[in-house]
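Text of run33.cif, listed as mmCIF, C-alpha atoms:
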```cif
data_start
loop_
_atom_site.label_atom_id
_atom_site.label_comp_id
_atom_site.auth_asym_id
_atom_site.auth_seq_id
_atom_site.Cartn_x
_atom_site.Cartn_y
_atom_site.Cartn_z
CA MET P 26 -5.68 -13.84 -6.74
CA ILE P 27 -3.76 -15.01 -9.76
CA CYS P 28 -4.41 -14.96 -13.48
CA ASP P 29 -3.75 -18.09 -15.49
CA ALA P 30 -2.78 -18.30 -19.16
CA ARG P 31 -6.45 -18.32 -20.17
CA ASN P 32 -7.18 -15.02 -18.36
CA ASN P 33 -9.07 -16.77 -15.58
CA ILE P 34 -8.68 -15.26 -12.13
CA SER P 35 -8.39 -17.67 -9.24
CA THR P 36 -7.94 -17.12 -5.54
CA LEU P 37 -5.06 -18.48 -3.49
CA SER P 38 -6.05 -20.36 -0.40
CA LEU P 39 -5.88 -18.65 2.94
CA SER P 40 -3.22 -21.14 4.04
CA GLU P 41 -1.00 -20.10 1.12
CA LEU P 42 -1.36 -16.43 2.05
CA LEU P 43 -0.78 -17.18 5.73
CA GLU P 44 2.51 -18.90 4.90
CA TYR P 45 3.87 -15.52 3.82
CA ARG P 46 2.46 -13.80 6.87
CA ASP P 47 3.84 -16.38 9.26
CA ALA P 48 7.32 -15.94 7.82
CA GLY P 49 7.28 -12.66 9.78
CA ARG P 50 9.24 -10.82 7.13
CA LEU P 51 7.90 -7.66 5.59
CA GLU P 52 9.75 -8.26 2.34
CA ALA P 53 8.36 -11.77 1.90
CA THR P 54 4.81 -10.69 2.65
CA MET P 55 5.02 -7.66 0.35
CA ALA P 56 6.52 -9.86 -2.35
CA ALA P 57 3.63 -12.31 -2.03
CA LEU P 58 1.04 -9.55 -2.21
CA LEU P 59 2.71 -7.89 -5.17
CA SER P 60 3.38 -11.11 -7.06
CA LEU P 61 -0.31 -11.93 -6.92
CA ILE P 62 -1.21 -8.55 -8.35
CA LEU P 63 1.60 -8.65 -10.89
CA ASP P 64 0.46 -12.03 -12.22
CA CYS P 65 -2.37 -10.17 -13.92
CA PHE P 66 -0.08 -7.29 -14.89
CA ALA P 67 2.51 -9.62 -16.45
CA GLU P 68 -0.15 -11.23 -18.61
CA LYS P 69 -0.77 -7.77 -20.14
CA LYS P 70 -4.27 -7.58 -18.75
CA GLN P 71 -6.29 -4.42 -19.04
CA GLN P 72 -5.70 -1.84 -16.29
CA LYS P 73 -9.19 -2.59 -14.96
CA THR P 74 -8.16 -6.19 -14.29
CA VAL P 75 -4.99 -5.08 -12.48
CA LEU P 76 -7.01 -2.58 -10.47
CA ASP P 77 -9.61 -5.20 -9.57
CA ALA P 78 -6.91 -7.67 -8.50
CA ALA P 79 -5.17 -4.97 -6.45
CA LYS P 80 -8.45 -3.98 -4.77
CA SER P 81 -9.16 -7.61 -3.87
CA MET P 82 -5.74 -8.04 -2.27
CA VAL P 83 -6.00 -4.72 -0.40
CA ASP P 84 -9.43 -5.73 0.91
CA ALA P 85 -8.07 -9.13 2.03
CA SER P 86 -5.60 -7.51 4.42
CA ASP P 87 -6.17 -6.25 7.95
CA THR P 88 -3.18 -3.93 7.48
CA PRO P 89 -4.24 -0.37 6.59
CA ILE P 90 -3.57 -0.02 2.85
CA VAL P 91 -4.46 2.64 0.35
CA LEU P 92 -4.17 2.21 -3.42
CA CYS P 93 -3.20 5.30 -5.41
CA ASP P 94 -2.90 6.33 -9.05
CA ALA P 95 0.85 6.60 -9.67
CA LYS P 96 0.37 9.57 -12.00
CA ASP P 97 -0.97 12.06 -9.47
CA GLY P 98 -1.16 10.18 -6.16
CA THR P 99 -4.95 10.30 -5.96
CA ILE P 100 -6.57 7.56 -3.94
CA VAL P 101 -8.49 4.99 -5.99
CA HIS P 102 -9.21 2.53 -3.18
CA CYS P 103 -8.61 1.91 0.52
CA ASN P 104 -9.49 -0.93 2.83
CA GLY P 105 -11.52 -0.84 6.02
CA ALA P 106 -8.39 -0.97 8.16
CA TRP P 107 -7.08 2.22 6.52
CA SER P 108 -10.47 3.90 7.02
CA ALA P 109 -10.52 2.86 10.70
CA THR P 110 -6.94 4.06 11.26
CA CYS P 111 -7.18 7.37 9.41
CA GLY P 112 -10.88 8.17 9.91
CA TYR P 113 -11.81 8.68 6.25
CA SER P 114 -14.27 6.52 4.32
CA ILE P 115 -13.49 5.49 0.75
CA VAL P 116 -16.05 8.04 -0.43
CA GLU P 117 -14.24 10.84 1.43
CA ALA P 118 -10.79 9.63 0.32
CA PHE P 119 -11.48 8.80 -3.34
CA GLY P 120 -9.81 11.27 -5.71
CA ARG P 121 -7.86 12.99 -2.94
CA THR P 122 -4.23 12.44 -1.94
CA ASN P 123 -2.64 11.16 1.24
CA LYS P 124 -0.93 14.55 1.42
CA GLU P 125 -4.25 16.40 1.59
CA LEU P 126 -5.80 13.99 4.04
CA LEU P 127 -3.00 13.05 6.41
CA GLN P 128 -0.37 15.80 6.46
CA GLY P 129 -0.57 18.55 9.04
CA PRO P 130 1.42 21.28 10.77
CA ASP P 131 4.17 19.00 12.13
CA THR P 132 4.51 16.73 9.09
CA ASP P 133 8.03 16.83 7.64
CA CYS P 134 7.09 17.84 4.09
CA ASP P 135 10.68 17.43 2.82
CA SER P 136 10.72 13.83 4.05
CA ALA P 137 7.31 13.22 2.44
CA ARG P 138 8.57 14.57 -0.91
CA GLU P 139 11.71 12.44 -0.62
CA LEU P 140 9.50 9.40 0.00
CA VAL P 141 7.79 9.94 -3.35
CA ARG P 142 11.08 10.72 -5.17
CA GLU P 143 12.56 7.49 -3.85
CA LEU P 144 9.45 5.56 -4.91
CA ARG P 145 9.79 6.90 -8.45
CA SER P 146 13.50 6.01 -8.66
CA THR P 147 13.47 2.57 -6.99
CA SER P 148 9.81 1.38 -7.00
CA SER P 149 9.61 1.33 -3.20
CA SER P 150 10.35 3.54 -0.21
CA ARG P 151 9.81 3.82 3.53
CA ARG P 152 9.68 6.77 5.93
CA VAL P 153 8.21 7.52 9.33
CA LEU P 154 6.08 10.66 9.15
CA LYS P 155 3.96 12.50 11.66
CA ASN P 156 0.50 12.35 10.14
CA TYR P 157 -2.96 13.30 11.33
CA LYS P 158 -6.23 11.41 11.46
CA LYS P 159 -9.44 13.01 10.25
CA ASP P 160 -10.23 14.17 13.80
CA GLY P 161 -6.84 15.92 14.04
CA THR P 162 -5.18 13.32 16.27
CA PRO P 163 -1.48 13.05 15.36
CA PHE P 164 0.19 9.67 14.89
CA TRP P 165 3.56 8.36 13.74
CA ASN P 166 3.03 6.68 10.39
CA ASP P 167 5.64 4.08 9.43
CA LEU P 168 4.71 4.42 5.77
CA ILE P 169 5.82 1.98 3.12
CA LEU P 170 5.16 2.79 -0.54
CA GLN P 171 5.40 0.13 -3.23
CA HIS P 172 4.79 0.54 -6.96
CA ILE P 173 2.83 -2.15 -8.79
CA GLY P 174 4.82 -2.70 -11.94
CA ASP P 175 8.46 -2.31 -12.89
CA GLU P 176 10.95 0.52 -12.33
CA ALA P 177 10.23 2.00 -15.76
CA THR P 178 6.51 2.41 -15.08
CA SER P 179 7.34 3.77 -11.62
CA GLN P 180 9.69 6.37 -13.09
CA ARG P 181 7.06 7.41 -15.62
CA GLY P 182 4.38 7.60 -12.93
CA GLU P 183 2.20 4.98 -14.62
CA GLY P 184 0.04 2.36 -12.96
CA LEU P 185 -0.71 2.00 -9.27
CA ASP P 186 1.09 2.55 -5.98
CA LEU P 187 0.31 0.84 -2.68
CA ALA P 188 0.76 2.69 0.61
CA PHE P 189 1.00 0.52 3.72
CA VAL P 190 0.13 2.53 6.84
CA ARG P 191 1.54 1.29 10.14
CA VAL P 192 0.91 3.25 13.32
CA ALA P 193 4.26 3.44 15.10
CA PRO P 194 4.92 4.01 18.81
CA SER P 195 7.48 6.74 18.01
CA GLU P 196 9.40 8.45 15.21
CA ASN P 197 11.64 5.35 15.15
CA GLY P 198 8.97 3.37 13.34
CA VAL P 199 7.68 -0.16 13.83
CA PRO P 200 10.33 -2.79 14.59
CA TYR P 201 10.08 -5.53 11.99
CA ASP P 202 10.65 -8.33 14.49
CA THR P 203 7.85 -7.38 16.90
CA ARG P 204 4.85 -6.92 14.63
CA GLU P 205 3.48 -8.81 11.70
CA PRO P 206 2.95 -6.29 8.92
CA PHE P 207 0.04 -8.11 7.30
CA ARG P 208 -2.87 -10.11 8.58
CA PHE P 209 -5.28 -11.58 6.08
CA LYS P 210 -8.96 -11.97 6.82
CA LYS P 211 -10.32 -15.51 7.11
#
```
The structure in this file should be written as C-alpha coordinates.
Amino acid sequence: MICDARNNISTLSLSELLEYRDAGRLEATMAALLSLILDCFAEKKQQKTVLDAAKSMVDASDTPIVLCDAKDGTIVHCNGAWSATCGYSIVEAFGRTNKELLQGPDTDCDSARELVRELRSTSSSRRVLKNYKKDGTPFWNDLILQHIGDEATSQRGEGLDLAFVRVAPSENGVPYDTREPFRFKK
(Lines of atoms letter the chains of each structure in order from A and count residues from 1; the text may use other names and numbers.)
(Lines give C-alpha, C1' and ligand atoms only; values in the text may rest on other atoms or scores of the structure.)
Protein backbone atom coordinates (compact mmCIF):
# COMPACT_ATOMS: atom_id res chain seq x y z
CA MET A 1 0.00 0.00 0.00
CA ILE A 2 1.16 3.52 -0.69
CA CYS A 3 -0.27 6.95 0.01
CA ASP A 4 -0.25 9.52 -2.75
CA ALA A 5 -0.11 13.30 -2.36
CA ARG A 6 -3.91 13.46 -2.11
CA ASN A 7 -4.02 11.03 0.85
CA ASN A 8 -5.38 8.21 -1.29
CA ILE A 9 -4.17 4.75 -0.40
CA SER A 10 -3.42 2.41 -3.28
CA THR A 11 -2.15 -1.14 -3.38
CA LEU A 12 1.01 -2.25 -5.14
CA SER A 13 0.59 -5.14 -7.48
CA LEU A 14 1.58 -8.60 -6.37
CA SER A 15 4.25 -8.66 -9.09
CA GLU A 16 5.85 -5.52 -7.62
CA LEU A 17 5.93 -7.09 -4.15
CA LEU A 18 7.24 -10.38 -5.54
CA GLU A 19 10.16 -8.57 -7.18
CA TYR A 20 11.46 -7.77 -3.70
CA ARG A 21 10.86 -11.29 -2.48
CA ASP A 22 12.55 -12.87 -5.47
CA ALA A 23 15.66 -10.79 -4.88
CA GLY A 24 16.25 -13.21 -1.98
CA ARG A 25 17.71 -10.52 0.22
CA LEU A 26 16.28 -9.83 3.64
CA GLU A 27 17.34 -6.20 3.54
CA ALA A 28 15.67 -5.53 0.20
CA THR A 29 12.44 -7.21 1.23
CA MET A 30 12.35 -5.44 4.60
CA ALA A 31 13.09 -2.15 2.85
CA ALA A 32 10.18 -2.71 0.46
CA LEU A 33 7.80 -3.55 3.28
CA LEU A 34 8.90 -0.60 5.37
CA SER A 35 8.94 1.88 2.50
CA LEU A 36 5.32 1.05 1.77
CA ILE A 37 4.35 1.70 5.36
CA LEU A 38 6.55 4.78 5.62
CA ASP A 39 4.93 6.35 2.55
CA CYS A 40 1.92 7.05 4.74
CA PHE A 41 4.13 8.03 7.68
CA ALA A 42 6.17 10.49 5.59
CA GLU A 43 3.02 12.23 4.43
CA LYS A 44 2.31 13.01 8.12
CA LYS A 45 -0.79 10.86 8.17
CA GLN A 46 -2.63 10.19 11.38
CA GLN A 47 -1.30 7.27 13.44
CA LYS A 48 -4.46 5.33 12.57
CA THR A 49 -3.55 5.49 8.89
CA VAL A 50 0.00 4.28 9.58
CA LEU A 51 -1.38 1.49 11.76
CA ASP A 52 -3.89 0.47 9.10
CA ALA A 53 -1.17 0.44 6.41
CA ALA A 54 1.13 -1.58 8.68
CA LYS A 55 -1.65 -4.08 9.46
CA SER A 56 -2.38 -4.53 5.75
CA MET A 57 1.27 -5.24 4.96
CA VAL A 58 1.63 -7.63 7.92
CA ASP A 59 -1.49 -9.48 6.80
CA ALA A 60 -0.15 -9.72 3.22
CA SER A 61 2.88 -11.73 4.35
CA ASP A 62 3.15 -15.45 5.00
CA THR A 63 6.12 -14.70 7.29
CA PRO A 64 5.12 -14.66 10.97
CA ILE A 65 4.99 -10.97 11.93
CA VAL A 66 3.76 -9.18 15.01
CA LEU A 67 3.21 -5.42 15.21
CA CYS A 68 3.92 -3.78 18.57
CA ASP A 69 3.50 -0.39 20.19
CA ALA A 70 7.04 1.01 20.46
CA LYS A 71 6.26 2.67 23.80
CA ASP A 72 5.65 -0.46 25.85
CA GLY A 73 6.06 -3.39 23.45
CA THR A 74 2.42 -4.43 23.63
CA ILE A 75 1.10 -6.30 20.63
CA VAL A 76 -1.37 -4.35 18.50
CA HIS A 77 -1.63 -6.82 15.62
CA CYS A 78 -0.29 -10.15 14.36
CA ASN A 79 -0.84 -12.11 11.20
CA GLY A 80 -2.13 -15.64 10.80
CA ALA A 81 1.38 -16.99 10.22
CA TRP A 82 2.50 -15.63 13.61
CA SER A 83 -0.58 -17.13 15.28
CA ALA A 84 0.09 -20.52 13.63
CA THR A 85 3.77 -20.45 14.61
CA CYS A 86 3.35 -19.26 18.20
CA GLY A 87 -0.10 -20.68 19.00
CA TYR A 88 -1.76 -17.45 20.16
CA SER A 89 -4.70 -15.79 18.42
CA ILE A 90 -4.77 -12.02 17.99
CA VAL A 91 -7.36 -11.87 20.77
CA GLU A 92 -5.01 -13.70 23.16
CA ALA A 93 -1.97 -11.67 22.07
CA PHE A 94 -3.48 -8.17 21.88
CA GLY A 95 -2.20 -5.92 24.67
CA ARG A 96 0.40 -8.42 25.84
CA THR A 97 4.12 -8.49 25.04
CA ASN A 98 6.27 -10.99 23.19
CA LYS A 99 8.19 -11.33 26.46
CA GLU A 100 5.11 -12.52 28.34
CA LEU A 101 3.96 -14.84 25.60
CA LEU A 102 7.15 -16.35 24.19
CA GLN A 103 9.89 -16.24 26.82
CA GLY A 104 10.42 -19.21 29.10
CA PRO A 105 12.91 -20.88 31.44
CA ASP A 106 15.73 -21.21 28.89
CA THR A 107 15.28 -17.85 27.16
CA ASP A 108 18.40 -15.69 27.41
CA CYS A 109 16.79 -12.64 29.04
CA ASP A 110 19.99 -10.56 28.75
CA SER A 111 20.06 -11.15 24.99
CA ALA A 112 16.36 -10.27 24.75
CA ARG A 113 16.94 -6.98 26.62
CA GLU A 114 19.94 -6.23 24.38
CA LEU A 115 17.73 -6.82 21.34
CA VAL A 116 15.37 -4.07 22.49
CA ARG A 117 18.24 -1.71 23.48
CA GLU A 118 19.76 -2.14 20.04
CA LEU A 119 16.38 -1.50 18.40
CA ARG A 120 16.04 1.77 20.31
CA SER A 121 19.55 2.93 19.36
CA THR A 122 19.66 1.87 15.70
CA SER A 123 16.01 1.26 14.62
CA SER A 124 16.63 -2.44 13.93
CA SER A 125 18.13 -5.50 15.58
CA ARG A 126 18.43 -9.26 15.25
CA ARG A 127 19.00 -12.08 17.75
CA VAL A 128 18.34 -15.79 17.95
CA LEU A 129 16.42 -16.59 21.13
CA LYS A 130 15.02 -19.77 22.57
CA ASN A 131 11.31 -19.04 22.77
CA TYR A 132 8.25 -21.11 23.60
CA LYS A 133 4.98 -21.65 21.81
CA LYS A 134 1.68 -21.46 23.67
CA ASP A 135 1.75 -25.23 24.24
CA GLY A 136 5.22 -24.99 25.83
CA THR A 137 7.15 -26.36 22.85
CA PRO A 138 10.54 -24.62 22.64
CA PHE A 139 11.86 -23.26 19.34
CA TRP A 140 14.81 -21.19 18.15
CA ASN A 141 13.47 -17.83 17.08
CA ASP A 142 15.64 -15.91 14.61
CA LEU A 143 13.98 -12.64 15.59
CA ILE A 144 14.34 -9.45 13.60
CA LEU A 145 12.96 -6.22 15.04
CA GLN A 146 12.44 -3.15 12.87
CA HIS A 147 11.08 0.24 13.92
CA ILE A 148 8.61 1.99 11.63
CA GLY A 149 9.84 5.55 11.58
CA ASP A 150 13.20 7.21 12.03
CA GLU A 151 15.93 6.78 14.64
CA ALA A 152 14.58 9.68 16.70
CA THR A 153 11.13 8.13 17.09
CA SER A 154 12.77 4.77 17.83
CA GLN A 155 14.91 6.29 20.58
CA ARG A 156 11.87 7.97 22.10
CA GLY A 157 9.84 4.76 21.90
CA GLU A 158 7.20 6.32 19.67
CA GLY A 159 5.28 4.66 16.87
CA LEU A 160 5.32 1.01 15.91
CA ASP A 161 7.81 -1.85 15.84
CA LEU A 162 7.65 -4.92 13.61
CA ALA A 163 8.90 -8.28 14.86
CA PHE A 164 9.67 -10.87 12.19
CA VAL A 165 9.62 -14.39 13.67
CA ARG A 166 11.62 -17.05 11.85
CA VAL A 167 11.82 -20.57 13.26
CA ALA A 168 15.47 -21.57 13.05
CA PRO A 169 16.95 -25.08 12.97
CA SER A 170 19.44 -24.17 15.73
CA GLU A 171 20.82 -21.33 17.83
CA ASN A 172 22.80 -20.28 14.73
CA GLY A 173 19.68 -18.81 13.15
CA VAL A 174 18.30 -19.01 9.64
CA PRO A 175 20.88 -18.73 6.84
CA TYR A 176 19.91 -15.85 4.58
CA ASP A 177 20.82 -17.68 1.39
CA THR A 178 18.66 -20.77 1.99
CA ARG A 179 15.28 -19.33 2.91
CA GLU A 180 13.20 -16.50 1.58
CA PRO A 181 12.25 -14.36 4.55
CA PHE A 182 8.96 -13.15 3.11
CA ARG A 183 6.26 -14.71 1.00
CA PHE A 184 3.28 -12.60 0.04
CA LYS A 185 -0.17 -14.07 -0.37
CA LYS A 186 -1.65 -14.09 -3.86
Report the distance between CA of Asp160 in chain P and CA of Ser86 in chain P in Å, rounded to one decimal place.
-> 24.1 Å
Selection: 7 Å around Val192 in chain P, only C-alpha atoms, excl. self and same-chain fewer than 2 positions, as a list in words =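 In the requested form, the answer reads Phe164, Trp165, Asn166, Asp167, Val190 and Pro194 of chain P.
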Selection near Ala177 in chain P, 9 Å with only C-alpha atoms, sequence-local residues under 4 positions removed, as a PyMOL selection string | chain P and resi 145-146+148+181-183
Expansion of the PyMOL selection byres ((chain P and resi 196) around 12) into residues, as a PyMOL selection string = chain P and resi 132-133+152-156+163-168+191-195+197-200
Preceding selection exported with C-alpha atoms as a PDB file, keeping the file's coordinate frame:
```
ATOM      1  CA  THR P 132       4.510  16.730   9.090  1.00  0.00           C
ATOM      2  CA  ASP P 133       8.030  16.830   7.640  1.00  0.00           C
ATOM      3  CA  ARG P 152       9.680   6.770   5.930  1.00  0.00           C
ATOM      4  CA  VAL P 153       8.210   7.520   9.330  1.00  0.00           C
ATOM      5  CA  LEU P 154       6.080  10.660   9.150  1.00  0.00           C
ATOM      6  CA  LYS P 155       3.960  12.500  11.660  1.00  0.00           C
ATOM      7  CA  ASN P 156       0.500  12.350  10.140  1.00  0.00           C
ATOM      8  CA  PRO P 163      -1.480  13.050  15.360  1.00  0.00           C
ATOM      9  CA  PHE P 164       0.190   9.670  14.890  1.00  0.00           C
ATOM     10  CA  TRP P 165       3.560   8.360  13.740  1.00  0.00           C
ATOM     11  CA  ASN P 166       3.030   6.680  10.390  1.00  0.00           C
ATOM     12  CA  ASP P 167       5.640   4.080   9.430  1.00  0.00           C
ATOM     13  CA  LEU P 168       4.710   4.420   5.770  1.00  0.00           C
ATOM     14  CA  ARG P 191       1.540   1.290  10.140  1.00  0.00           C
ATOM     15  CA  VAL P 192       0.910   3.250  13.320  1.00  0.00           C
ATOM     16  CA  ALA P 193       4.260   3.440  15.100  1.00  0.00           C
ATOM     17  CA  PRO P 194       4.920   4.010  18.810  1.00  0.00           C
ATOM     18  CA  SER P 195       7.480   6.740  18.010  1.00  0.00           C
ATOM     19  CA  ASN P 197      11.640   5.350  15.150  1.00  0.00           C
ATOM     20  CA  GLY P 198       8.970   3.370  13.340  1.00  0.00           C
ATOM     21  CA  VAL P 199       7.680  -0.160  13.830  1.00  0.00           C
ATOM     22  CA  PRO P 200      10.330  -2.790  14.590  1.00  0.00           C
TER      23      PRO P 200
END
```
Taking into account all atoms listed in the file, which residue in the set P:Lys80, P:Thr110, P:Thr162, P:Phe119 is nearest to Asp131 in chain P?
->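 Result for the nearest residue to Asp131 in chain P: P:Thr162.
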Computed interatomic separation between CA of Arg142 in chain P and CA of Ser179 in chain P (Å) = 10.2 Å
Selected residue, from P:Val141, P:Ile90, P:Ala95, P:Ala78, that lies nearest to Cys111 in chain P when counting only C-alpha atoms |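 Distance minimum relative to Cys111 in chain P lands on P:Ile90.
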Would you mind reading off the distance between CA of Ser149 in chain P and CA of Asp94 in chain P, one decimal, in Å?
->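 So the two atoms, CA of Ser149 in chain P and CA of Asp94 in chain P, lie 14.7 Å apart.
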Quick check on the file I pasted: which residues fall under the PyMOL selection byres ((chain P and resi 120) around 7)? Write them as an mmCIF file with C-alpha atoms, in the frame of the given file.
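The resulting file, result.cif, is reproduced below:
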```
data_model
loop_
_atom_site.group_PDB
_atom_site.id
_atom_site.type_symbol
_atom_site.label_atom_id
_atom_site.label_comp_id
_atom_site.auth_asym_id
_atom_site.auth_seq_id
_atom_site.Cartn_x
_atom_site.Cartn_y
_atom_site.Cartn_z
ATOM 1 C CA THR P 99 -4.950 10.300 -5.960
ATOM 2 C CA ILE P 100 -6.570 7.560 -3.940
ATOM 3 C CA VAL P 101 -8.490 4.990 -5.990
ATOM 4 C CA ALA P 118 -10.790 9.630 0.320
ATOM 5 C CA PHE P 119 -11.480 8.800 -3.340
ATOM 6 C CA ARG P 121 -7.860 12.990 -2.940
ATOM 7 C CA THR P 122 -4.230 12.440 -1.940
#
```
Can you list what the PyMOL selection byres ((chain P and resi 89) around 9) grabs from this structure, as number ranges by chain?
-> P: 83, 86-88, 90-91, 103-111, 188-191, 207
Pick the closest to Cys93 in chain P from P:Gly161, P:Asp175, P:Asn123, P:Cys134: which is it, counting all atoms listed in the file?
-> P:Asn123
Incomplete range 162-182 of chain P brought to N, CA, C and O atoms, written out as a PDB file, in the coordinates of the input:
```pdb
ATOM      1  N   THR P 162      -6.100  14.035  15.386  1.00  0.00           N
ATOM      2  CA  THR P 162      -5.180  13.320  16.270  1.00  0.00           C
ATOM      3  C   THR P 162      -3.897  12.984  15.512  1.00  0.00           C
ATOM      4  O   THR P 162      -3.954  12.332  14.466  1.00  0.00           O
ATOM      5  N   PRO P 163      -2.739  13.394  16.040  1.00  0.00           N
ATOM      6  CA  PRO P 163      -1.480  13.050  15.360  1.00  0.00           C
ATOM      7  C   PRO P 163      -1.081  11.600  15.634  1.00  0.00           C
ATOM      8  O   PRO P 163      -1.438  11.029  16.664  1.00  0.00           O
ATOM      9  N   PHE P 164      -0.359  11.007  14.693  1.00  0.00           N
ATOM     10  CA  PHE P 164       0.190   9.670  14.890  1.00  0.00           C
ATOM     11  C   PHE P 164       1.458   9.524  14.047  1.00  0.00           C
ATOM     12  O   PHE P 164       1.610  10.198  13.032  1.00  0.00           O
ATOM     13  N   TRP P 165       2.371   8.678  14.519  1.00  0.00           N
ATOM     14  CA  TRP P 165       3.560   8.360  13.740  1.00  0.00           C
ATOM     15  C   TRP P 165       3.182   7.289  12.744  1.00  0.00           C
ATOM     16  O   TRP P 165       2.690   6.233  13.110  1.00  0.00           O
ATOM     17  N   ASN P 166       3.404   7.565  11.476  1.00  0.00           N
ATOM     18  CA  ASN P 166       3.030   6.680  10.390  1.00  0.00           C
ATOM     19  C   ASN P 166       4.296   6.076   9.788  1.00  0.00           C
ATOM     20  O   ASN P 166       5.060   6.772   9.134  1.00  0.00           O
ATOM     21  N   ASP P 167       4.519   4.796  10.049  1.00  0.00           N
ATOM     22  CA  ASP P 167       5.640   4.080   9.430  1.00  0.00           C
ATOM     23  C   ASP P 167       5.143   3.656   8.059  1.00  0.00           C
ATOM     24  O   ASP P 167       4.573   2.588   7.876  1.00  0.00           O
ATOM     25  N   LEU P 168       5.329   4.518   7.091  1.00  0.00           N
ATOM     26  CA  LEU P 168       4.710   4.420   5.770  1.00  0.00           C
ATOM     27  C   LEU P 168       5.627   3.703   4.793  1.00  0.00           C
ATOM     28  O   LEU P 168       6.795   4.057   4.649  1.00  0.00           O
ATOM     29  N   ILE P 169       5.094   2.706   4.145  1.00  0.00           N
ATOM     30  CA  ILE P 169       5.820   1.980   3.120  1.00  0.00           C
ATOM     31  C   ILE P 169       5.064   2.160   1.804  1.00  0.00           C
ATOM     32  O   ILE P 169       3.868   1.882   1.726  1.00  0.00           O
ATOM     33  N   LEU P 170       5.757   2.640   0.789  1.00  0.00           N
ATOM     34  CA  LEU P 170       5.160   2.790  -0.540  1.00  0.00           C
ATOM     35  C   LEU P 170       5.775   1.749  -1.464  1.00  0.00           C
ATOM     36  O   LEU P 170       6.979   1.517  -1.443  1.00  0.00           O
ATOM     37  N   GLN P 171       4.930   1.135  -2.277  1.00  0.00           N
ATOM     38  CA  GLN P 171       5.400   0.130  -3.230  1.00  0.00           C
ATOM     39  C   GLN P 171       4.653   0.329  -4.541  1.00  0.00           C
ATOM     40  O   GLN P 171       3.429   0.425  -4.553  1.00  0.00           O
ATOM     41  N   HIS P 172       5.403   0.396  -5.640  1.00  0.00           N
ATOM     42  CA  HIS P 172       4.790   0.540  -6.960  1.00  0.00           C
ATOM     43  C   HIS P 172       4.396  -0.835  -7.487  1.00  0.00           C
ATOM     44  O   HIS P 172       5.121  -1.806  -7.301  1.00  0.00           O
ATOM     45  N   ILE P 173       3.254  -0.926  -8.130  1.00  0.00           N
ATOM     46  CA  ILE P 173       2.830  -2.150  -8.790  1.00  0.00           C
ATOM     47  C   ILE P 173       3.267  -2.028 -10.242  1.00  0.00           C
ATOM     48  O   ILE P 173       2.717  -1.230 -10.997  1.00  0.00           O
ATOM     49  N   GLY P 174       4.254  -2.772 -10.593  1.00  0.00           N
ATOM     50  CA  GLY P 174       4.820  -2.700 -11.940  1.00  0.00           C
ATOM     51  C   GLY P 174       6.340  -2.725 -11.837  1.00  0.00           C
ATOM     52  O   GLY P 174       6.903  -3.089 -10.816  1.00  0.00           O
ATOM     53  N   ASP P 175       7.003  -2.297 -12.908  1.00  0.00           N
ATOM     54  CA  ASP P 175       8.460  -2.310 -12.890  1.00  0.00           C
ATOM     55  C   ASP P 175       9.003  -0.899 -12.654  1.00  0.00           C
ATOM     56  O   ASP P 175       8.244   0.058 -12.520  1.00  0.00           O
ATOM     57  N   GLU P 176      10.338  -0.787 -12.591  1.00  0.00           N
ATOM     58  CA  GLU P 176      10.950   0.520 -12.330  1.00  0.00           C
ATOM     59  C   GLU P 176      10.608   1.529 -13.414  1.00  0.00           C
ATOM     60  O   GLU P 176      10.427   2.706 -13.133  1.00  0.00           O
ATOM     61  N   ALA P 177      10.519   1.078 -14.663  1.00  0.00           N
ATOM     62  CA  ALA P 177      10.230   2.000 -15.760  1.00  0.00           C
ATOM     63  C   ALA P 177       8.846   2.627 -15.595  1.00  0.00           C
ATOM     64  O   ALA P 177       8.693   3.844 -15.761  1.00  0.00           O
ATOM     65  N   THR P 178       7.845   1.828 -15.254  1.00  0.00           N
ATOM     66  CA  THR P 178       6.510   2.410 -15.080  1.00  0.00           C
ATOM     67  C   THR P 178       6.476   3.286 -13.834  1.00  0.00           C
ATOM     68  O   THR P 178       5.771   4.285 -13.795  1.00  0.00           O
ATOM     69  N   SER P 179       7.257   2.934 -12.813  1.00  0.00           N
ATOM     70  CA  SER P 179       7.340   3.770 -11.620  1.00  0.00           C
ATOM     71  C   SER P 179       7.940   5.122 -11.959  1.00  0.00           C
ATOM     72  O   SER P 179       7.430   6.170 -11.549  1.00  0.00           O
ATOM     73  N   GLN P 180       9.025   5.121 -12.723  1.00  0.00           N
ATOM     74  CA  GLN P 180       9.690   6.370 -13.090  1.00  0.00           C
ATOM     75  C   GLN P 180       8.794   7.256 -13.941  1.00  0.00           C
ATOM     76  O   GLN P 180       8.837   8.475 -13.838  1.00  0.00           O
ATOM     77  N   ARG P 181       7.973   6.632 -14.770  1.00  0.00           N
ATOM     78  CA  ARG P 181       7.060   7.410 -15.620  1.00  0.00           C
ATOM     79  C   ARG P 181       5.782   7.803 -14.886  1.00  0.00           C
ATOM     80  O   ARG P 181       4.953   8.532 -15.414  1.00  0.00           O
ATOM     81  N   GLY P 182       5.591   7.291 -13.680  1.00  0.00           N
ATOM     82  CA  GLY P 182       4.380   7.600 -12.930  1.00  0.00           C
ATOM     83  C   GLY P 182       3.148   6.946 -13.519  1.00  0.00           C
ATOM     84  O   GLY P 182       2.064   7.511 -13.532  1.00  0.00           O
TER      85      GLY P 182
END
```
